[in-house]
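S.K.: There's a structure below that I have some questions on.
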Amino acid sequence: MAKKTYDLLFKLLLIGDSGVGKTCILFRFSDNHFTTTFISTIGIDFKIKTVELRGKKIKLQIWDTAGQERFHTITTSYYRGAMGIMLVYDITNEKTFDDIVKWLRNIDEHANEDVEKMILGNKCDMEEKRVVSKERGEALAKSNINIERAFSELAEAILDKTAGREADADAARIAVERRPSRAPPARACCS
Amino acid sequence: MNHEEILSVVQEKFLSSELVTAFLCDAKVLRPDCVKKDRLLAIVEYGDEKAVFCLFTSCYPPKSFTDLSIEIVLPIDNSFKCEIDNKPSDPEAILYLNLQSRNSKFKFEIQMTPRVDNFVDDLFRGIEAVNKLTTQPEFVWLKKYDGQREDDFIAQSMVLPRSGMAHTQVSAPVAIRESLIKRKMSDKEFDYTFTKRFTIFCGTWNVNDKSPVIPLKGWLCVDKEPPDIYAIGFQELDLSKETFLFDQTFREDEWYNAVRTHVDPRSKYVKVEIVRLVGMMLIVLIKEKHMSHVRNVVCDTVGTGIMGKMGNKGGVSIRFDLHNTSICFVNSHLAAHVEEYERRNQDFRDICSRTRFVQPNQLPKAIKDHDQVYWLGDLNYRITELDPSSVKRMVNENNFGPVLEWDQLKQQHKISNVFAGYTEGPITFKPTYKYDPGTDNWDSSEKNRAPAWCDRIFWRGDNITQLAYRSHPALNISDHKPVSALFTSSIRIIDEEKYRKVYEEVIKQLDKMENELIPQVKVDITEIDFGTVRYLELQVRTITIKNTGKLPVEFEFIKKLDESSFCKDWLIVEPYKKCICADESCEIQLKVLINKTSACKMNAGTDKLYDILVLHLYGGKDIFITVNGTYQRSCFGCSIEVLVNLNIPIREVPVGKLVELESKRDQYISNQSTYSIPKEIWFLVDHIYLHGLKEPNLFEQPGLHSEVLQIRDWLDSGSIDPIPGSIHSVAEALLLLLESTADPIIPYNLHPVCLRASANYLQCKQIVMELPEFRKNVFLYLCEFLQEALQHNAENGLDAKTLSTLFGAIFLRDNPNVVQEPQSRINKQIIDKKKAQFVHHFLINDHSDLIFTK
């Protein structure tokens with residue numbers, strides 16, 4: 001049945017250290033396609049994907065940014081206009097998680113005040129090399145375990161706001177994934 | 001938001017060449033079946049042509065043009081009509097605007113605000129203007145809005161407009177995407193639908209101005225099973241003048257209630273729609289259980305009567321979608337009189353062409369745009385070429401065959417003059433016209449007409465079977481007998497689960513397509529290392545941008561946030577903006593040149609040979625291109641104060657040391673410094689003094705660039721070889737050296753004083769006396785040297801005027817970092833003259849006193 005069209009456009013941004021897998025997440029989410037080759041993103045790129053949330057069709061325009069240090073001053077200028085920002089780190093690399101604080105500071109300085117934020121731990125397929133503990137939140141690009149959900153949650157949070165509802169105070173909204181009951185993802189994805 | 005802000009949002013919906021000249025918010029579209037709120041009316045002008053647009057606003061006030069979708073476009077051509085009514089009960093607050101253009105009529109309800117006047121004025125100006133035109137405007141620009149060239153438009157809209165997150169407005173028009181989804185879904189219809197048989201009862205009766213005084217069961221309730229749908233058409237419901245003129249009749253309710261009462265009682269029916277034009281009425285009922293699957297109910301009426309417009313003849317229609325099948329019912333009353341069959345054919349064509357079912361965000365639908373069409377009515381075709389008595393005889397014997405051969409409709413249908421593509425079942429019932437009312441007797445009036453099958457039912461569409469086609473003579477109150485037909489038709493039903501899957505697949509495909517249409521390029525090198533870059537030596541690198549996408553791509557190097565230019569001043573990018581066709585490439589040259597303005601920044605460490613360029617693709621990504629190199633520092637671009645403190649060649653000075661020296665350059669005092677003037681100036685001046693004072697055209701003939709570069713290296717490396725190059729090259733190197741010092745010999749802040757004092761030698765002298773130590777030294781040293789050179793003017797051809805102009809421009813050079821007020825040429829000439837005048841004093845007067853006072 002043809003449903004009423006609410007074509008909302010949400011602009012989302014992926015940020016995080018170089019090599020944490022931002023581009024990979026973007027490809028995985030938009031094309032359902034995974035590549036192991038690492039080509040550093042030199043610039044910013046985007047893809048679109050339409051999702052349906054609460055009966056509304058929402059077009060996500062997801063921007064992937066260069067993570068390399070030397071581009072930081074330039075990439076921060078793209079924060080403005082983003083409605084949601086996904087901060088990505090690599091669970092096998094402590095530094096990328098520590099740097100999240102720095103990225104959050106960047107967001108405070110350069111993004112819209114009411115931007116929705118979400119932290120995403122990537123590379124959960126390399127559980128044996130994990131150094132960042134699980135409780136701190138994660139998603140998994142390679143087996144696509146939580147990427148869809150992460151984007152949905154982020155989009156839903158934005159939808160809450162656009163619907164005019166008050167978002168939870170002005171505290172940074174960080175979706176922390178807690179999954180004690182779930183099987184460790186590492187086994188699930190290495191097949 | 002004020003009016004202007006909304007206007008600018010509305011304007012964004014259109015091209016810049018299409019000007020929104022007036023608009024009204026809060027309009028409503030009044031349709032017979034519904035009222036559509038939240039519409040915005042805009043008048044848009046393109047050249048001489050104007051059109052009225054009705055836009056749906058998804059939020060009010062619209063914050064962005066994406067909140068607006070174009071629903072109706074009415075070109076103001078000479079078919080355009082505008083009538084304005086007040087609501088009688090509330091003449092102040094509400095206005096009705098009836099707009100008509102090219103067979104489309106719309107009624108809008110608008111709130112009476114002061115803006116309405118402007119809007120209406122603008123509208124009438126447009127109408128007046130078009131009526132003055134001798135040729136009809138073509139409205140080519142509207143084509144992109146009417147959806148006819150959908151494919152082109154999709155391609156355009158998929159190319160997302162200028163991006164860069166900070167300033168984007170990205171969205172393919174929703175309507176386009178929606179219509180594309182619709183088309184794809186209809187292509188795949190069989191993947192998510194199955195069919196089910198529905199029975200459809202069609203009835204038609206010309207009631208000849210009678211009230212329903214008899215039960216209708218014998219017409220409507222004669223079949224074994226109750227039908228799923230009833231479509232009942234009446235003609236000549238009311239022949240009164242009032243009805244004809246004011247289109248009001250109590251008979252509408254009478255007959256509607258009679259139908260509701262007498263439909264098959266075994267099922268519960270609900271109304272889909274009812275529509276009436278004067279005496280023509282069409283009622284569609286459906287079993288209650290199916291009603292939730294009925295959507296998009298729209299009706300329309302077309303009058304083809306008096307003047308081709310009035311509703312005494314014509315057709316009324318109802319369309320709707322049942323599950324996934326579109327169905328249209330038409331009830332028509334065509335032109336009367338035996339011989340007028342051509343008129344009847346024409347009426348049929350007019351009804352076909354003028355019936356328009358309008359729905360939001362969709363192209364208007366015609367009767368033919370439906371899966372199933374059922375056409376019933378008093379079509380009024382007669383029997384010709386047979387005399388009434390033999391017709392009566394044959395039909396009384398139930399011998400219909402020979403009579404039907406002379407039926408105008410059968411004849412016209414056979415040669416496709418009317419109802420082409422439609423089918424009619426075999427007629428096995430007596431003619432339905434004309435009887436003496438209340439009897440089954442043929443018309444006994446003087447006219448003695450031949451009986452005729454005026455009342456007929458046609459259909460069009462696949463998988464429709466007619467189960468019955470009959471008349472109901474027992475219902476005899478009219479001069480016509482009612483006719484009915486029962487059909488069984490295949491209706492496509494959606495399997496919701498399969499539909500979802502197919503739908504998601506289509507969405508995925510569209511996303512994929514849209515992603516593929518995002519401009520893509522490949523840049524062969526994104527990090528360009530210029531290696532060692534020397535003063536005044538141009539270096540060029542080339543990068544290649546290849547369009548790897550499917551559409552032409554336009555690129556431009558764009559400014560980074562808070563920067564005034566897209567690259568540093570020592571870099572030239574050519575071309576910085578271009579369009580590349582698919583599969584083609586473009587070479588871009590990047591040129592680095594450190595000149596007198598950039599050299600001092602490099603020496604002082606305030607700038608580096610490093611830049612990141614943002615290569616922006618319109619509608620696509622940005623690519624960062626890093627440029628770097630190592631600048632080999634040179635005495636060119638150093639400040640006088642630093643040079644006098646360098647007792648070793650500059651190349652041997654560590655970079656950090658040089659930066660440190662430059663940062664402290666205001667603190668040097670003479671007795672701690674190595675030299676009283678820079679050794680580099682001394683080398684060059686001394687060389688000219690010794691070897692070139694008699695050189696003709698000294699300081700006027702340019703040197704060789706390659707020799708100037710050799711001299712640069714000679715100075716920077718502290719070579720003990722003789723100075724390379726000709727006298728002219730040495731002289732040019734001297735001028736360059738003086739021009740490229742971090743500050744001019746006379747500091748910028750003293751320039752206004754110098755210019756004011758230029759006519760007065762004593763004042764000029766005073767200024768020079770107060771110059772910073774080393775500047776004064778250089779100034780006086782050079783003036784002394786120039787006086788010396790002037791001594792040899794017989795040989796070298798110098799004169800004080802030329803030299804003072806040349807050196808005036810150097811000693812008092814303009815600050816490149818200060819944006820000059822736009823000076824008139826005359827003003828500039830005066831300033832240049834004063835600069836020369838200032839220097840001139842020191843070339844002709846003996847100022848040795850200044851030197852020896854020290």
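Convention: chains lettered A, B, ... in structure tokens order; per-chain residue numbering from 1; ligands numbered from 1 as shown.
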Mind checking DSSP for stretch 566-803 of chain B and telling me the strand (DSSP E) residues as JSON, numbers by chain?
M.R.: {"B": [571, 572, 573, 574, 577, 578, 579, 580, 585, 586, 587, 588, 589, 590, 591, 592, 610, 611, 612, 613, 614, 615, 616, 617, 622, 623, 624, 625, 626, 627, 628, 629, 630, 631, 632]}
S.K.: Restrict the selected residues to N, CA, C and O atoms and save them as a CSV table (one decimal), in the first residue's frame.
M.R.:
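out-v7.csv written:
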chain,number,residue,atom,x,y,z
B,571,LEU,N,50.7,30.2,-4.6
B,571,LEU,CA,50.2,29.0,-5.4
B,571,LEU,C,49.2,29.5,-6.4
B,571,LEU,O,48.4,30.3,-6.2
B,572,ILE,N,49.4,29.0,-7.7
B,572,ILE,CA,48.4,29.3,-8.7
B,572,ILE,C,47.9,28.0,-9.2
B,572,ILE,O,48.6,27.0,-9.5
B,573,VAL,N,46.5,27.9,-9.3
B,573,VAL,CA,45.9,26.7,-9.7
B,573,VAL,C,45.1,27.0,-11.0
B,573,VAL,O,44.3,27.8,-11.0
B,574,GLU,N,45.4,26.2,-12.1
B,574,GLU,CA,44.8,26.5,-13.3
B,574,GLU,C,44.4,25.2,-14.0
B,574,GLU,O,45.2,24.4,-14.2
B,577,LYS,N,38.4,25.7,-11.8
B,577,LYS,CA,36.9,25.4,-11.9
B,577,LYS,C,36.7,24.9,-13.3
B,577,LYS,O,37.1,25.5,-14.3
B,578,LYS,N,36.0,23.8,-13.4
B,578,LYS,CA,35.7,23.3,-14.8
B,578,LYS,C,34.7,22.2,-14.7
B,578,LYS,O,34.4,21.6,-13.7
B,579,CYS,N,34.1,21.9,-15.9
B,579,CYS,CA,33.2,20.8,-16.0
B,579,CYS,C,33.8,19.7,-16.8
B,579,CYS,O,34.5,20.0,-17.8
B,580,ILE,N,33.8,18.5,-16.3
B,580,ILE,CA,34.4,17.4,-17.0
B,580,ILE,C,33.3,16.4,-17.4
B,580,ILE,O,32.5,16.0,-16.5
B,585,SER,N,39.0,13.5,-18.8
B,585,SER,CA,39.9,13.9,-17.8
B,585,SER,C,40.3,15.4,-17.9
B,585,SER,O,40.1,15.9,-19.0
B,586,CYS,N,40.8,16.0,-16.9
B,586,CYS,CA,41.2,17.4,-16.9
B,586,CYS,C,42.5,17.5,-16.2
B,586,CYS,O,42.7,16.9,-15.1
B,587,GLU,N,43.4,18.1,-16.8
B,587,GLU,CA,44.7,18.3,-16.2
B,587,GLU,C,44.7,19.7,-15.5
B,587,GLU,O,44.3,20.7,-16.0
B,588,ILE,N,45.2,19.7,-14.3
B,588,ILE,CA,45.3,20.9,-13.5
B,588,ILE,C,46.7,21.2,-13.2
B,588,ILE,O,47.5,20.3,-12.7
B,589,GLN,N,47.1,22.4,-13.5
B,589,GLN,CA,48.5,22.8,-13.2
B,589,GLN,C,48.5,23.5,-11.9
B,589,GLN,O,47.7,24.4,-11.6
B,590,LEU,N,49.5,23.1,-11.1
B,590,LEU,CA,49.7,23.9,-9.8
B,590,LEU,C,51.1,24.5,-9.9
B,590,LEU,O,52.1,23.8,-10.2
B,591,LYS,N,51.1,25.8,-9.8
B,591,LYS,CA,52.4,26.5,-9.9
B,591,LYS,C,52.8,27.2,-8.6
B,591,LYS,O,51.9,27.9,-8.0
B,592,VAL,N,54.0,27.0,-8.2
B,592,VAL,CA,54.5,27.6,-7.0
B,592,VAL,C,55.5,28.7,-7.4
B,592,VAL,O,56.4,28.4,-8.2
B,610,TYR,N,53.2,24.9,2.5
B,610,TYR,CA,52.3,23.9,2.8
B,610,TYR,C,50.9,24.4,2.7
B,610,TYR,O,50.6,25.5,3.2
B,611,ASP,N,50.1,23.7,2.0
B,611,ASP,CA,48.7,24.1,1.9
B,611,ASP,C,47.8,22.9,1.6
B,611,ASP,O,48.3,21.9,1.0
B,612,ILE,N,46.6,22.9,2.1
B,612,ILE,CA,45.6,21.9,1.7
B,612,ILE,C,44.5,22.5,0.9
B,612,ILE,O,43.9,23.5,1.4
B,613,LEU,N,44.3,22.0,-0.3
B,613,LEU,CA,43.3,22.6,-1.2
B,613,LEU,C,42.1,21.7,-1.1
B,613,LEU,O,42.2,20.5,-1.0
B,614,VAL,N,40.9,22.3,-1.2
B,614,VAL,CA,39.7,21.5,-1.1
B,614,VAL,C,39.1,21.5,-2.5
B,614,VAL,O,38.6,22.6,-3.0
B,615,LEU,N,39.1,20.4,-3.1
B,615,LEU,CA,38.6,20.2,-4.5
B,615,LEU,C,37.1,19.7,-4.3
B,615,LEU,O,36.9,18.6,-3.9
B,616,HIS,N,36.2,20.6,-4.7
B,616,HIS,CA,34.8,20.3,-4.4
B,616,HIS,C,34.1,19.8,-5.7
B,616,HIS,O,34.3,20.5,-6.7
B,617,LEU,N,33.4,18.8,-5.6
B,617,LEU,CA,32.6,18.3,-6.8
B,617,LEU,C,31.1,18.8,-6.5
B,617,LEU,O,30.6,18.4,-5.4
B,622,ASP,N,34.2,16.2,-1.4
B,622,ASP,CA,35.3,17.1,-1.5
B,622,ASP,C,36.6,16.2,-1.4
B,622,ASP,O,36.6,15.3,-0.6
B,623,ILE,N,37.6,16.6,-2.1
B,623,ILE,CA,38.9,15.9,-2.0
B,623,ILE,C,39.9,16.9,-1.5
B,623,ILE,O,40.0,18.0,-2.0
B,624,PHE,N,40.7,16.4,-0.6
B,624,PHE,CA,41.8,17.3,-0.1
B,624,PHE,C,43.1,17.1,-0.8
B,624,PHE,O,43.5,15.9,-0.9
B,625,ILE,N,43.6,18.1,-1.3
B,625,ILE,CA,44.9,18.0,-2.0
B,625,ILE,C,46.0,18.7,-1.3
B,625,ILE,O,45.9,19.9,-1.0
B,626,THR,N,47.0,18.0,-0.8
B,626,THR,CA,48.0,18.6,0.0
B,626,THR,C,49.2,19.0,-0.9
B,626,THR,O,49.7,18.3,-1.7
B,627,VAL,N,49.6,20.2,-0.6
B,627,VAL,CA,50.8,20.8,-1.4
B,627,VAL,C,51.9,21.1,-0.4
B,627,VAL,O,51.6,21.7,0.6
B,628,ASN,N,53.1,20.6,-0.7
B,628,ASN,CA,54.2,21.0,0.2
B,628,ASN,C,55.5,21.1,-0.5
B,628,ASN,O,55.6,20.6,-1.6
B,629,GLY,N,56.5,21.7,0.1
B,629,GLY,CA,57.8,21.8,-0.5
B,629,GLY,C,58.7,22.4,0.6
B,629,GLY,O,58.3,22.8,1.7
B,630,THR,N,60.0,22.5,0.2
B,630,THR,CA,60.9,23.1,1.2
B,630,THR,C,61.4,24.3,0.5
B,630,THR,O,62.0,24.3,-0.6
B,631,TYR,N,61.3,25.4,1.2
B,631,TYR,CA,61.7,26.7,0.7
B,631,TYR,C,63.2,26.9,1.0
B,631,TYR,O,63.5,26.8,2.2
B,632,GLN,N,64.0,27.2,0.0
B,632,GLN,CA,65.4,27.5,0.3
B,632,GLN,C,65.5,28.9,0.6
B,632,GLN,O,65.3,29.8,-0.3
S.K.: Would you mind listing what lies within 12 Å of stretch 29-34 of chain A as an MDAnalysis selection string, with only C-alpha atoms counted and same-chain residues fewer than 2 positions away left out?
M.R.: (chainID A and resid 21:27 36:38 46:51 59:64 139:152) or (chainID B and resid 507:516)
S.K.: Please produce a file of those selected residues containing C-alpha atoms, as a PDB file, in the first residue's frame.
M.R.:
ATOM      1  CA  GLY A  21      36.894   1.997   9.786  1.00  0.00           C
ATOM      2  CA  LYS A  22      34.610   4.939   9.093  1.00  0.00           C
ATOM      3  CA  THR A  23      34.550   4.393   5.343  1.00  0.00           C
ATOM      4  CA  CYS A  24      34.020   0.711   5.942  1.00  0.00           C
ATOM      5  CA  ILE A  25      30.966   1.457   8.070  1.00  0.00           C
ATOM      6  CA  LEU A  26      29.613   3.749   5.390  1.00  0.00           C
ATOM      7  CA  PHE A  27      30.014   1.128   2.653  1.00  0.00           C
ATOM      8  CA  THR A  36      39.220  -5.273   3.834  1.00  0.00           C
ATOM      9  CA  THR A  37      41.520  -3.066   1.830  1.00  0.00           C
ATOM     10  CA  PHE A  38      42.390   0.113   3.567  1.00  0.00           C
ATOM     11  CA  PHE A  46      28.837  10.762   1.278  1.00  0.00           C
ATOM     12  CA  LYS A  47      26.296   8.136   0.454  1.00  0.00           C
ATOM     13  CA  ILE A  48      22.586   8.063   0.934  1.00  0.00           C
ATOM     14  CA  LYS A  49      20.327   5.415   2.310  1.00  0.00           C
ATOM     15  CA  THR A  50      16.612   5.472   2.890  1.00  0.00           C
ATOM     16  CA  VAL A  51      15.349   3.893   6.070  1.00  0.00           C
ATOM     17  CA  LYS A  59      16.717   9.652   3.798  1.00  0.00           C
ATOM     18  CA  LEU A  60      20.041   9.490   5.547  1.00  0.00           C
ATOM     19  CA  GLN A  61      22.875  11.337   3.954  1.00  0.00           C
ATOM     20  CA  ILE A  62      25.951   9.974   5.617  1.00  0.00           C
ATOM     21  CA  TRP A  63      29.170  11.887   5.337  1.00  0.00           C
ATOM     22  CA  ASP A  64      32.475  10.155   5.771  1.00  0.00           C
ATOM     23  CA  ALA A 139      29.102  -1.942  16.871  1.00  0.00           C
ATOM     24  CA  LEU A 140      30.524  -4.236  14.290  1.00  0.00           C
ATOM     25  CA  ALA A 141      31.138  -3.268  10.723  1.00  0.00           C
ATOM     26  CA  LYS A 142      32.315  -6.550   9.361  1.00  0.00           C
ATOM     27  CA  SER A 143      29.383  -8.712  10.247  1.00  0.00           C
ATOM     28  CA  ASN A 144      26.961  -5.825  10.210  1.00  0.00           C
ATOM     29  CA  ILE A 145      25.770  -6.823  13.616  1.00  0.00           C
ATOM     30  CA  ASN A 146      24.960  -3.456  15.020  1.00  0.00           C
ATOM     31  CA  ILE A 147      25.558  -0.961  12.285  1.00  0.00           C
ATOM     32  CA  GLU A 148      21.988  -0.911  11.086  1.00  0.00           C
ATOM     33  CA  ARG A 149      20.794  -0.537  14.634  1.00  0.00           C
ATOM     34  CA  ALA A 150      23.290   2.179  15.426  1.00  0.00           C
ATOM     35  CA  PHE A 151      22.161   4.260  12.476  1.00  0.00           C
ATOM     36  CA  SER A 152      18.517   3.623  13.276  1.00  0.00           C
TER      37      SER A 152
ATOM     38  CA  ILE B 507      14.004   1.612  -2.330  1.00  0.00           C
ATOM     39  CA  LYS B 508      17.384  -0.100  -2.202  1.00  0.00           C
ATOM     40  CA  GLN B 509      17.677   0.094  -5.975  1.00  0.00           C
ATOM     41  CA  LEU B 510      16.802   3.773  -5.958  1.00  0.00           C
ATOM     42  CA  ASP B 511      19.327   4.452  -3.231  1.00  0.00           C
ATOM     43  CA  LYS B 512      21.900   2.550  -5.234  1.00  0.00           C
ATOM     44  CA  MET B 513      21.038   4.510  -8.336  1.00  0.00           C
ATOM     45  CA  GLU B 514      21.232   7.760  -6.457  1.00  0.00           C
ATOM     46  CA  ASN B 515      24.558   6.773  -4.941  1.00  0.00           C
ATOM     47  CA  GLU B 516      25.861   5.864  -8.364  1.00  0.00           C
TER      48      GLU B 516
END
S.K.: How close does each residue of chain A get to chain B, giving the shortest atom pair and distance in Å to one decimal for every residue with an atom at most 7 Å away, counting only C-alpha atoms, sorted by chain and residue number, as JSON lines?
M.R.:
{"residue": "A:Asp7", "atom": "CA", "partner": "B:Val174", "partner_atom": "CA", "distance": 6.5}
{"residue": "A:Ile42", "atom": "CA", "partner": "B:Phe624", "partner_atom": "CA", "distance": 5.5}
{"residue": "A:Gly43", "atom": "CA", "partner": "B:Ile623", "partner_atom": "CA", "distance": 4.2}
{"residue": "A:Ile44", "atom": "CA", "partner": "B:Asp622", "partner_atom": "CA", "distance": 5.2}
{"residue": "A:Asp45", "atom": "CA", "partner": "B:Lys621", "partner_atom": "CA", "distance": 4.4}
{"residue": "A:Phe46", "atom": "CA", "partner": "B:Lys621", "partner_atom": "CA", "distance": 6.5}
{"residue": "A:Lys47", "atom": "CA", "partner": "B:Asn515", "partner_atom": "CA", "distance": 5.8}
{"residue": "A:Ile48", "atom": "CA", "partner": "B:Asn515", "partner_atom": "CA", "distance": 6.3}
{"residue": "A:Lys49", "atom": "CA", "partner": "B:Asp511", "partner_atom": "CA", "distance": 5.7}
{"residue": "A:Thr50", "atom": "CA", "partner": "B:Asp511", "partner_atom": "CA", "distance": 6.8}
{"residue": "A:Ile74", "atom": "CA", "partner": "B:Lys560", "partner_atom": "CA", "distance": 6.8}
{"residue": "A:Ser77", "atom": "CA", "partner": "B:Leu561", "partner_atom": "CA", "distance": 6.3}
{"residue": "A:Tyr78", "atom": "CA", "partner": "B:Met165", "partner_atom": "CA", "distance": 4.9}
{"residue": "A:Tyr79", "atom": "CA", "partner": "B:Met165", "partner_atom": "CA", "distance": 6.9}
{"residue": "A:Arg80", "atom": "CA", "partner": "B:Ala166", "partner_atom": "CA", "distance": 5.1}
{"residue": "A:Gly81", "atom": "CA", "partner": "B:Ala166", "partner_atom": "CA", "distance": 5.2}
{"residue": "A:Ala82", "atom": "CA", "partner": "B:Met165", "partner_atom": "CA", "distance": 6.8}
S.K.: Quick one: everything within 6 Å of B:Arg356, counting only C-alpha atoms, minus sequence neighbours fewer than 3 positions away in the same chain. Send it as a list in words.
M.R.: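 Non-adjacent residues within range: Pro364, Lys365 and Ala366 of chain B.
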S.K.: Limited to N, CA and C atoms, could you put the picked residues into a file as a PDB file, in the first residue's frame?
M.R.:
ATOM      1  N   PRO B 364      -2.726  14.318 -13.512  1.00  0.00           N
ATOM      2  CA  PRO B 364      -4.161  14.059 -13.575  1.00  0.00           C
ATOM      3  C   PRO B 364      -4.411  12.792 -14.408  1.00  0.00           C
ATOM      4  N   LYS B 365      -5.411  12.047 -14.022  1.00  0.00           N
ATOM      5  CA  LYS B 365      -5.725  10.812 -14.750  1.00  0.00           C
ATOM      6  C   LYS B 365      -6.926  11.042 -15.649  1.00  0.00           C
ATOM      7  N   ALA B 366      -6.901  10.375 -16.794  1.00  0.00           N
ATOM      8  CA  ALA B 366      -8.043  10.412 -17.690  1.00  0.00           C
ATOM      9  C   ALA B 366      -8.799   9.100 -17.544  1.00  0.00           C
TER      10      ALA B 366
END
S.K.: Name all residues at most 10 Å from stretch 705-718 of chain B (count only C-alpha atoms; drop same-chain ones fewer than 3 positions away) and give them as number ranges by chain.
M.R.: B: 534-537, 632-636, 647-652, 679-681, 683-684, 702, 721-726, 728-734, 736-737
S.K.: Work out how far apart atom CA of B:Ile283 and atom CA of B:Gln362 are and give it in Å to one decimal.
M.R.: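 Separation between atom CA of B:Ile283 and atom CA of B:Gln362: 25.0 Å.
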S.K.: At a cut-off of 7 Å, using only C-alpha atoms, what residues contact B:Trp219? Leave out same-chain residues fewer than 3 positions from it and give the result as a ChimeraX atom specification.
M.R.: /B:216,222,472
S.K.: Between A:Thr162, A:Thr75, A:Asn122, A:Asn93, which has the minimum distance to A:Ile15 (counting only C-alpha atoms)?
M.R.: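 Between A:Thr162, A:Thr75, A:Asn122, A:Asn93, the residue approaching A:Ile15 most closely is A:Thr75.
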S.K.: Atom CA of B:Phe190 to atom CA of B:Gly461: how many Å, to one decimal?
M.R.: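 Separation between atom CA of B:Phe190 and atom CA of B:Gly461: 16.9 Å.
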S.K.: Between atom CA of B:Lys776 and atom CA of B:Asp743, what is the spacing in Å?
M.R.: 13.2 Å
S.K.: Please identify all polymer residues within 10 Å of B:Lys368, counting only C-alpha atoms, omitting same-chain residues fewer than 4 positions from it, and present them as a list in words.
M.R.: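 Within the cut-off, the hits are Cys328, Cys352, Ser353, Thr355, Gln372, Val373, Gly421, Arg460 and Gly461 of chain B.
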S.K.: Which residue is closest to A:Leu53? Choose from A:Leu154, A:Ala66, A:Ile107, A:Met83 and count only C-alpha atoms.
M.R.: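 Among the listed residues, the smallest separation from A:Leu53 belongs to A:Leu154.
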S.K.: Stretch 416-652 of chain B: which residues are alpha helix (DSSP H) by DSSP, as a PyMOL selection string?
M.R.: chain B and resi 496-517+596-604+640-643
